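Participant: If it helps, the file is called final.tsv and holds TSV, C-alpha atoms and all ligand atoms:
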```
chain	number	residue	atom	x	y	z
A	1	MET	CA	157.27	114.10	170.19
A	2	THR	CA	159.51	114.72	167.14
A	3	VAL	CA	157.50	115.19	163.96
A	4	MET	CA	159.56	113.51	161.24
A	5	LEU	CA	158.61	114.84	157.81
A	6	ILE	CA	160.75	113.55	154.98
A	7	VAL	CA	160.52	113.87	151.19
A	8	PHE	CA	162.06	111.48	148.66
A	9	ILE	CA	163.08	112.87	145.31
A	10	GLY	CA	164.87	111.08	142.50
A	11	PRO	CA	164.48	110.15	138.85
A	12	PRO	CA	162.06	107.42	137.80
A	13	GLY	CA	163.35	104.00	138.81
A	14	SER	CA	165.77	105.39	141.40
A	15	GLY	CA	164.12	103.31	144.14
A	16	LYS	CA	161.81	105.85	145.81
A	17	GLY	CA	158.98	103.37	146.26
A	18	THR	CA	161.34	100.54	147.19
A	19	GLN	CA	163.21	102.53	149.83
A	20	ALA	CA	160.13	104.36	151.13
A	21	LYS	CA	158.52	101.06	152.17
A	22	ARG	CA	161.60	100.19	154.24
A	23	LEU	CA	161.99	103.61	155.81
A	24	VAL	CA	158.35	103.95	156.92
A	25	SER	CA	158.58	100.55	158.52
A	26	HIS	CA	161.80	101.58	160.31
A	27	LEU	CA	160.43	104.95	161.50
A	28	GLN	CA	156.83	103.82	162.03
A	29	ILE	CA	155.42	106.82	160.15
A	30	PRO	CA	152.80	106.87	157.37
A	31	HIS	CA	153.80	106.63	153.71
A	32	LEU	CA	152.29	108.95	151.13
A	33	SER	CA	153.17	107.98	147.56
A	34	THR	CA	151.48	110.20	144.98
A	35	GLY	CA	152.35	107.67	142.26
A	36	GLU	CA	150.57	104.86	144.15
A	37	LEU	CA	147.56	107.05	145.01
A	38	LEU	CA	147.24	108.11	141.38
A	39	ARG	CA	147.59	104.54	140.07
A	40	SER	CA	144.94	103.41	142.53
A	41	ALA	CA	142.57	106.25	141.51
A	42	LYS	CA	143.14	105.25	137.89
A	43	SER	CA	142.45	101.56	138.44
A	44	GLN	CA	139.28	102.41	140.43
A	45	ASP	CA	138.23	104.75	137.60
A	46	THR	CA	137.48	107.65	139.98
A	47	PRO	CA	137.07	111.20	138.52
A	48	LEU	CA	140.66	111.98	139.62
A	49	GLY	CA	141.89	108.73	138.06
A	50	ARG	CA	140.19	109.53	134.77
A	51	SER	CA	141.73	113.03	134.72
A	52	ALA	CA	145.21	111.72	135.58
A	53	ALA	CA	145.32	108.64	133.33
A	54	GLY	CA	146.38	110.26	130.06
A	55	TYR	CA	149.24	112.19	131.66
A	56	MET	CA	150.55	109.13	133.49
A	57	ASP	CA	150.37	106.86	130.46
A	58	ARG	CA	152.37	109.40	128.43
A	59	GLY	CA	154.98	109.76	131.20
A	60	GLN	CA	154.03	113.37	131.95
A	61	LEU	CA	153.27	114.92	135.31
A	62	VAL	CA	149.67	115.12	136.43
A	63	PRO	CA	148.74	118.86	136.70
A	64	ASP	CA	149.67	120.50	140.02
A	65	PRO	CA	146.11	121.41	141.15
A	66	LEU	CA	144.99	117.75	140.99
A	67	VAL	CA	148.03	116.48	142.88
A	68	LEU	CA	147.89	119.28	145.46
A	69	GLU	CA	144.27	118.51	146.26
A	70	LEU	CA	145.08	114.83	146.67
A	71	VAL	CA	148.02	115.52	149.01
A	72	ALA	CA	146.12	118.14	151.06
A	73	GLU	CA	143.36	115.63	151.68
A	74	CYS	CA	145.85	113.04	152.96
A	75	LEU	CA	147.93	115.41	155.08
A	76	GLY	CA	144.78	116.59	156.83
A	77	ARG	CA	144.19	113.13	158.32
A	78	PRO	CA	145.07	112.69	162.02
A	79	GLU	CA	147.56	109.86	161.40
A	80	PHE	CA	149.78	112.29	159.46
A	81	ALA	CA	150.14	114.61	162.46
A	82	LYS	CA	153.12	112.59	163.78
A	83	GLY	CA	155.06	112.92	160.52
A	84	CYS	CA	155.21	111.10	157.21
A	85	LEU	CA	157.31	110.13	154.27
A	86	LEU	CA	156.32	111.85	151.04
A	87	ASP	CA	157.43	109.67	148.13
A	88	GLY	CA	157.33	111.19	144.62
A	89	PHE	CA	155.96	114.48	145.96
A	90	PRO	CA	156.82	117.31	145.45
A	91	ARG	CA	157.80	116.98	141.80
A	92	THR	CA	157.61	120.64	140.72
A	93	LEU	CA	158.68	123.90	142.35
A	94	GLU	CA	155.02	124.87	142.65
A	95	GLN	CA	154.29	121.66	144.57
A	96	ALA	CA	157.33	122.28	146.82
A	97	LYS	CA	156.25	125.83	147.62
A	98	SER	CA	152.69	124.75	148.31
A	99	LEU	CA	153.94	122.01	150.64
A	100	ASP	CA	156.11	124.54	152.50
A	101	GLN	CA	153.09	126.80	153.01
A	102	THR	CA	150.95	123.96	154.33
A	103	LEU	CA	153.69	122.82	156.71
A	104	ALA	CA	154.43	126.37	157.89
A	105	GLN	CA	150.76	126.75	158.84
A	106	ARG	CA	151.03	123.54	160.87
A	107	GLY	CA	154.35	124.59	162.40
A	108	THR	CA	156.04	121.35	161.28
A	109	PRO	CA	158.76	122.07	158.68
A	110	LEU	CA	160.42	119.39	156.56
A	111	ALA	CA	163.25	117.60	158.34
A	112	LEU	CA	164.99	116.10	155.30
A	113	ALA	CA	164.88	115.89	151.52
A	114	VAL	CA	166.49	112.62	150.47
A	115	GLU	CA	167.71	112.69	146.88
A	116	LEU	CA	168.30	109.28	145.30
A	117	ARG	CA	171.02	109.53	142.64
A	118	ALA	CA	171.79	106.92	140.00
A	119	ASP	CA	173.14	106.57	136.51
A	120	GLU	CA	170.43	106.84	133.83
A	121	ASN	CA	171.35	103.56	132.10
A	122	GLU	CA	170.90	101.63	135.36
A	123	LEU	CA	167.52	103.29	135.93
A	124	VAL	CA	166.27	102.33	132.46
A	125	THR	CA	167.42	98.72	133.01
A	126	ARG	CA	165.51	98.56	136.32
A	127	MET	CA	162.30	99.87	134.81
A	128	LEU	CA	162.44	97.53	131.83
A	129	LYS	CA	162.89	94.65	134.28
A	130	ARG	CA	159.84	95.87	136.21
A	131	ALA	CA	157.93	96.16	132.93
A	132	ALA	CA	158.37	92.43	132.43
A	133	ALA	CA	157.32	91.61	136.01
A	134	GLU	CA	154.52	94.08	136.77
A	135	LYS	CA	153.32	95.32	133.37
A	136	ARG	CA	153.04	98.97	134.42
A	137	VAL	CA	151.69	100.91	131.43
A	138	ASP	CA	154.34	103.64	131.79
A	139	ASP	CA	157.33	101.25	131.86
A	140	ASN	CA	158.02	101.11	128.11
A	141	PRO	CA	161.11	102.58	126.38
A	142	GLN	CA	159.32	105.60	124.89
A	143	THR	CA	157.51	106.61	128.09
A	144	ILE	CA	160.59	105.97	130.22
A	145	ALA	CA	162.56	108.41	128.02
A	146	GLU	CA	159.79	111.00	128.45
A	147	ARG	CA	159.73	110.51	132.25
A	148	MET	CA	163.52	111.04	132.38
A	149	GLU	CA	163.19	114.29	130.42
A	150	VAL	CA	160.30	115.45	132.61
A	151	TYR	CA	162.41	114.73	135.70
A	152	LYS	CA	165.34	116.80	134.41
A	153	ARG	CA	163.11	119.69	133.37
A	154	GLN	CA	160.53	119.87	136.16
A	155	THR	CA	161.81	117.99	139.21
A	156	ALA	CA	165.62	118.34	139.22
A	157	PRO	CA	165.37	122.07	140.17
A	158	LEU	CA	164.07	120.90	143.56
A	159	VAL	CA	167.56	119.62	144.37
A	160	GLU	CA	168.88	123.19	144.46
A	161	TYR	CA	165.74	124.38	146.24
A	162	TYR	CA	166.29	121.97	149.14
A	163	GLN	CA	170.07	122.42	149.05
A	164	ASN	CA	169.55	126.15	149.66
A	165	ARG	CA	167.35	125.27	152.62
A	166	GLY	CA	170.14	123.08	154.04
A	167	ILE	CA	168.03	119.92	154.23
A	168	LEU	CA	169.15	118.05	151.09
A	169	VAL	CA	170.82	114.68	151.59
A	170	PRO	CA	172.15	113.07	148.40
A	171	ILE	CA	172.21	109.27	148.53
A	172	ASP	CA	173.97	106.96	146.08
A	173	ALA	CA	171.09	104.76	144.85
A	174	LEU	CA	173.34	102.18	143.18
A	175	GLY	CA	173.83	98.84	144.87
A	176	THR	CA	171.36	96.34	146.29
A	177	PRO	CA	168.16	97.67	147.92
A	178	ASP	CA	169.62	96.66	151.32
A	179	GLU	CA	172.85	98.57	150.68
A	180	VAL	CA	170.96	101.70	149.61
A	181	PHE	CA	168.65	101.46	152.62
A	182	GLU	CA	171.62	101.24	154.99
A	183	ARG	CA	172.89	104.58	153.63
A	184	ILE	CA	169.49	106.22	154.11
A	185	ARG	CA	168.95	104.74	157.56
A	186	ALA	CA	172.33	106.02	158.80
A	187	VAL	CA	171.55	109.59	157.71
A	188	VAL	CA	168.00	109.59	159.05
A	189	ASP	CA	168.90	108.02	162.40
A	190	ALA	CA	171.65	110.60	162.91
A	191	ARG	CA	169.00	113.36	162.73
A	192	ARG	CA	166.31	111.84	164.93
A	201	LIG	P1	155.89	107.12	140.63
A	201	LIG	O1	155.04	106.02	141.14
A	201	LIG	O2	156.47	108.04	141.64
A	201	LIG	O3	156.96	106.39	139.70
A	201	LIG	P2	158.55	106.27	139.62
A	201	LIG	O4	159.20	107.62	139.54
A	201	LIG	O5	158.83	105.34	138.50
A	201	LIG	O6	159.05	105.66	140.97
A	201	LIG	P3	158.75	104.24	141.60
A	201	LIG	O7	158.63	104.51	143.05
A	201	LIG	O8	157.63	103.55	140.98
A	201	LIG	O9	159.98	103.35	141.21
A	201	LIG	P4	161.17	102.89	142.09
A	201	LIG	O10	162.10	104.02	141.84
A	201	LIG	O11	160.91	102.54	143.51
A	201	LIG	O12	155.08	108.03	139.57
A	201	LIG	C1	154.41	107.48	138.45
A	201	LIG	C2	153.68	108.59	137.66
A	201	LIG	O13	152.65	109.21	138.50
A	201	LIG	C3	154.52	109.77	137.20
A	201	LIG	O14	155.19	109.52	135.97
A	201	LIG	C4	153.45	110.89	137.08
A	201	LIG	O15	152.71	110.78	135.89
A	201	LIG	C5	152.52	110.62	138.25
A	201	LIG	N1	152.89	111.37	139.46
A	201	LIG	C6	153.31	110.82	140.64
A	201	LIG	N2	153.55	111.78	141.55
A	201	LIG	C7	153.29	112.97	140.94
A	201	LIG	C8	153.36	114.33	141.36
A	201	LIG	N3	153.78	114.68	142.60
A	201	LIG	N4	153.01	115.31	140.47
A	201	LIG	C9	152.59	115.00	139.25
A	201	LIG	N5	152.49	113.73	138.78
A	201	LIG	C10	152.85	112.71	139.61
A	201	LIG	O16	161.63	101.48	141.50
A	201	LIG	C11	161.75	101.18	140.13
A	201	LIG	C12	162.17	99.72	139.92
A	201	LIG	O17	163.52	99.54	140.32
A	201	LIG	C13	161.39	98.68	140.72
A	201	LIG	O18	161.08	97.58	139.90
A	201	LIG	C14	162.31	98.25	141.84
A	201	LIG	O19	162.13	96.91	142.25
A	201	LIG	C15	163.68	98.42	141.20
A	201	LIG	N6	164.70	98.76	142.18
A	201	LIG	C16	164.57	99.67	143.19
A	201	LIG	N7	165.74	99.75	143.88
A	201	LIG	C17	166.63	98.88	143.27
A	201	LIG	C18	168.00	98.52	143.52
A	201	LIG	N8	168.73	99.08	144.52
A	201	LIG	N9	168.57	97.61	142.68
A	201	LIG	C19	167.87	97.07	141.68
A	201	LIG	N10	166.57	97.35	141.40
A	201	LIG	C20	165.95	98.24	142.18
```
Before we go any further, please render this structure as structure tokens.
Facilitator:
Amino acid sequence: MTVMLIVFIGPPGSGKGTQAKRLVSHLQIPHLSTGELLRSAKSQDTPLGRSAAGYMDRGQLVPDPLVLELVAECLGRPEFAKGCLLDGFPRTLEQAKSLDQTLAQRGTPLALAVELRADENELVTRMLKRAAAEKRVDDNPQTIAERMEVYKRQTAPLVEYYQNRGILVPIDALGTPDEVFERIRAVVDARR
């Protein structure tokens, strides 16, 4: 059995969540979105949610130890043994190195790092549209600007990290969700 472990990286609004839903359905593997897990912990007012809330509402990253504990707990579940799609994780070099260690211990290295690329103006437009529809606390102009800066500073270095490992696949994230998915599907299917 091939263990398909994929990570999605990309700036806020690049379509990670949107494309992840399609890809997990196509590959029949579990989806692990740290953003969704953190939003759910926050809305259920769990201790993790209370610790994470302030960072998320300001558009900053939740500290690595909290996120790493959350991900370790999920990856330890039996359903993740056959692979998974990590969406929005890792977001820092420390998270990436920790993930590599965990996967090396399991003997299942990452297959692909899919990088969604898009023009910043388009991303801001998408998130402001979502703000009107879903009322996410972090989709306001000030927090969006902070999230973009945080991405450039803390997450963009992962592109080089995965490029050096030879597993980075840049994907043009402009176009309709179906068009973007077709690009991702073609790359992933070629490596199965
Ligand atoms: P995330 O939930 O990962 O938020 P995001 O970067 O905005 O991505 P999201 O998946 O929601 O948006 P998408 O691009 O799909 O993280 C939220 C917060 O949680 C972070 O700021 C941080 O505080 C915390 N966090 C999460 N993971 C963390 C970690 N590992 N470490 C530390 N902190 C962490 O879509 C955006 C919008 O665009 C949607 O409305 C969608 O419908 C639309 N869209 C998508 N594709 C489109 C297309 N092709 N055309 C038009 N619109 C499109």
Participant: Give the residues close to ligand LIG 201 (chain A), within 7 Å, counting only C-alpha atoms and all ligand atoms; write them as a PyMOL selection string.
Facilitator: chain A and resi 11-19+33-36+38+55-56+59-64+67+87-91+126-127+129-130+147+173-177+180
Participant: May I ask for the distance between CA of Met148 (chain A) and CA of Leu93 (chain A), given in Å to one decimal place?
Facilitator: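 Separation between CA of Met148 (chain A) and CA of Leu93 (chain A): 17.0 Å.
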Participant: Just checking: using only C-alpha atoms, which residue out of A:Thr108, A:Ser98, A:Thr125, A:Asn164 ends up closest to Lys82 (chain A)?
Facilitator: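 Using only C-alpha atoms, Lys82 (chain A) sits closest to A:Thr108.
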Participant: Quick one: of A:Lys97, A:Leu158, A:Pro47, A:Ala118, who's nearest to Leu70 (chain A), counting only C-alpha atoms?
Facilitator: A:Pro47
Participant: Ranking A:Glu179, A:Ile167, A:Glu134, A:Ile9 by minimum distance to Ala111 (chain A) and counting only C-alpha atoms, which one comes first?
Facilitator: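 Selected residue with least distance to Ala111 (chain A): A:Ile167.
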Participant: Provide the CA of Ala113 (chain A) to CA of Arg185 (chain A) distance in Å, to one decimal place.
Facilitator: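 Spanning CA of Ala113 (chain A) to CA of Arg185 (chain A) is a straight-line distance of 13.3 Å.
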Participant: Of the candidates A:His26, A:Tyr151, A:Gly10, A:Ser51, which shows the shortest atom-to-atom distance to Cys84 (chain A), using only C-alpha atoms?
Facilitator: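 Smallest distance to Cys84 (chain A) is found for A:His26.
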Participant: Have a look at A:Leu112, A:Val7, A:Cys74, A:Ala52 and name the one nearest to Asp189 (chain A); count all atoms listed in the file.
Facilitator: A:Leu112
Participant: Starting from the incomplete input, reconstruct N, CA and C atoms of region 120-148 of chain A and report them as a PDB file, in the coordinates of the input.
Facilitator:
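That gives us rebuild_8.pdb:
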```
ATOM      1  N   GLU A 120     171.657 107.002 134.622  1.00  0.00           N
ATOM      2  CA  GLU A 120     170.430 106.840 133.830  1.00  0.00           C
ATOM      3  C   GLU A 120     170.295 105.441 133.205  1.00  0.00           C
ATOM      4  N   ASN A 121     171.423 104.885 132.739  1.00  0.00           N
ATOM      5  CA  ASN A 121     171.350 103.560 132.100  1.00  0.00           C
ATOM      6  C   ASN A 121     170.856 102.504 133.088  1.00  0.00           C
ATOM      7  N   GLU A 122     171.330 102.589 134.331  1.00  0.00           N
ATOM      8  CA  GLU A 122     170.900 101.630 135.360  1.00  0.00           C
ATOM      9  C   GLU A 122     169.398 101.793 135.628  1.00  0.00           C
ATOM     10  N   LEU A 123     168.935 103.041 135.640  1.00  0.00           N
ATOM     11  CA  LEU A 123     167.520 103.290 135.930  1.00  0.00           C
ATOM     12  C   LEU A 123     166.633 102.685 134.836  1.00  0.00           C
ATOM     13  N   VAL A 124     167.061 102.862 133.579  1.00  0.00           N
ATOM     14  CA  VAL A 124     166.270 102.330 132.460  1.00  0.00           C
ATOM     15  C   VAL A 124     166.235 100.804 132.553  1.00  0.00           C
ATOM     16  N   THR A 125     167.377 100.190 132.870  1.00  0.00           N
ATOM     17  CA  THR A 125     167.420  98.720 133.010  1.00  0.00           C
ATOM     18  C   THR A 125     166.444  98.253 134.077  1.00  0.00           C
ATOM     19  N   ARG A 126     166.427  98.947 135.228  1.00  0.00           N
ATOM     20  CA  ARG A 126     165.510  98.560 136.320  1.00  0.00           C
ATOM     21  C   ARG A 126     164.054  98.630 135.864  1.00  0.00           C
ATOM     22  N   MET A 127     163.715  99.708 135.185  1.00  0.00           N
ATOM     23  CA  MET A 127     162.300  99.870 134.810  1.00  0.00           C
ATOM     24  C   MET A 127     161.870  98.880 133.742  1.00  0.00           C
ATOM     25  N   LEU A 128     162.798  98.524 132.845  1.00  0.00           N
ATOM     26  CA  LEU A 128     162.440  97.530 131.830  1.00  0.00           C
ATOM     27  C   LEU A 128     162.265  96.156 132.483  1.00  0.00           C
ATOM     28  N   LYS A 129     163.039  95.909 133.527  1.00  0.00           N
ATOM     29  CA  LYS A 129     162.890  94.650 134.280  1.00  0.00           C
ATOM     30  C   LYS A 129     161.520  94.636 134.960  1.00  0.00           C
ATOM     31  N   ARG A 130     161.147  95.790 135.553  1.00  0.00           N
ATOM     32  CA  ARG A 130     159.840  95.870 136.210  1.00  0.00           C
ATOM     33  C   ARG A 130     158.726  95.721 135.188  1.00  0.00           C
ATOM     34  N   ALA A 131     158.944  96.253 133.973  1.00  0.00           N
ATOM     35  CA  ALA A 131     157.930  96.160 132.930  1.00  0.00           C
ATOM     36  C   ALA A 131     157.570  94.701 132.681  1.00  0.00           C
ATOM     37  N   ALA A 132     158.607  93.848 132.678  1.00  0.00           N
ATOM     38  CA  ALA A 132     158.370  92.430 132.430  1.00  0.00           C
ATOM     39  C   ALA A 132     157.621  91.799 133.592  1.00  0.00           C
ATOM     40  N   ALA A 133     157.921  92.229 134.828  1.00  0.00           N
ATOM     41  CA  ALA A 133     157.320  91.610 136.010  1.00  0.00           C
ATOM     42  C   ALA A 133     155.936  92.152 136.342  1.00  0.00           C
ATOM     43  N   GLU A 134     155.762  93.473 136.259  1.00  0.00           N
ATOM     44  CA  GLU A 134     154.520  94.080 136.770  1.00  0.00           C
ATOM     45  C   GLU A 134     153.609  94.657 135.705  1.00  0.00           C
ATOM     46  N   LYS A 135     154.107  94.787 134.499  1.00  0.00           N
ATOM     47  CA  LYS A 135     153.320  95.320 133.370  1.00  0.00           C
ATOM     48  C   LYS A 135     152.723  96.696 133.663  1.00  0.00           C
ATOM     49  N   ARG A 136     153.531  97.596 134.218  1.00  0.00           N
ATOM     50  CA  ARG A 136     153.040  98.970 134.420  1.00  0.00           C
ATOM     51  C   ARG A 136     153.021  99.667 133.073  1.00  0.00           C
ATOM     52  N   VAL A 137     151.885 100.325 132.759  1.00  0.00           N
ATOM     53  CA  VAL A 137     151.690 100.910 131.430  1.00  0.00           C
ATOM     54  C   VAL A 137     152.801 101.904 131.068  1.00  0.00           C
ATOM     55  N   ASP A 138     153.343 102.605 132.103  1.00  0.00           N
ATOM     56  CA  ASP A 138     154.340 103.640 131.790  1.00  0.00           C
ATOM     57  C   ASP A 138     155.768 103.122 131.790  1.00  0.00           C
ATOM     58  N   ASP A 139     155.969 101.809 131.910  1.00  0.00           N
ATOM     59  CA  ASP A 139     157.330 101.250 131.860  1.00  0.00           C
ATOM     60  C   ASP A 139     157.634 100.708 130.468  1.00  0.00           C
ATOM     61  N   ASN A 140     157.585 101.539 129.449  1.00  0.00           N
ATOM     62  CA  ASN A 140     158.020 101.110 128.110  1.00  0.00           C
ATOM     63  C   ASN A 140     159.067 102.120 127.647  1.00  0.00           C
ATOM     64  N   PRO A 141     159.953 101.726 126.707  1.00  0.00           N
ATOM     65  CA  PRO A 141     161.110 102.580 126.380  1.00  0.00           C
ATOM     66  C   PRO A 141     160.740 104.021 126.056  1.00  0.00           C
ATOM     67  N   GLN A 142     159.667 104.232 125.299  1.00  0.00           N
ATOM     68  CA  GLN A 142     159.320 105.600 124.890  1.00  0.00           C
ATOM     69  C   GLN A 142     158.879 106.442 126.099  1.00  0.00           C
ATOM     70  N   THR A 143     158.022 105.862 126.931  1.00  0.00           N
ATOM     71  CA  THR A 143     157.510 106.610 128.090  1.00  0.00           C
ATOM     72  C   THR A 143     158.603 106.803 129.139  1.00  0.00           C
ATOM     73  N   ILE A 144     159.482 105.820 129.273  1.00  0.00           N
ATOM     74  CA  ILE A 144     160.590 105.970 130.220  1.00  0.00           C
ATOM     75  C   ILE A 144     161.451 107.163 129.818  1.00  0.00           C
ATOM     76  N   ALA A 145     161.738 107.287 128.507  1.00  0.00           N
ATOM     77  CA  ALA A 145     162.560 108.410 128.020  1.00  0.00           C
ATOM     78  C   ALA A 145     161.865 109.733 128.337  1.00  0.00           C
ATOM     79  N   GLU A 146     160.553 109.774 128.151  1.00  0.00           N
ATOM     80  CA  GLU A 146     159.790 111.000 128.450  1.00  0.00           C
ATOM     81  C   GLU A 146     159.852 111.316 129.951  1.00  0.00           C
ATOM     82  N   ARG A 147     159.703 110.283 130.794  1.00  0.00           N
ATOM     83  CA  ARG A 147     159.730 110.510 132.250  1.00  0.00           C
ATOM     84  C   ARG A 147     161.090 111.043 132.698  1.00  0.00           C
ATOM     85  N   MET A 148     162.169 110.541 132.052  1.00  0.00           N
ATOM     86  CA  MET A 148     163.520 111.040 132.380  1.00  0.00           C
ATOM     87  C   MET A 148     163.632 112.527 132.024  1.00  0.00           C
TER      88      MET A 148
END
```
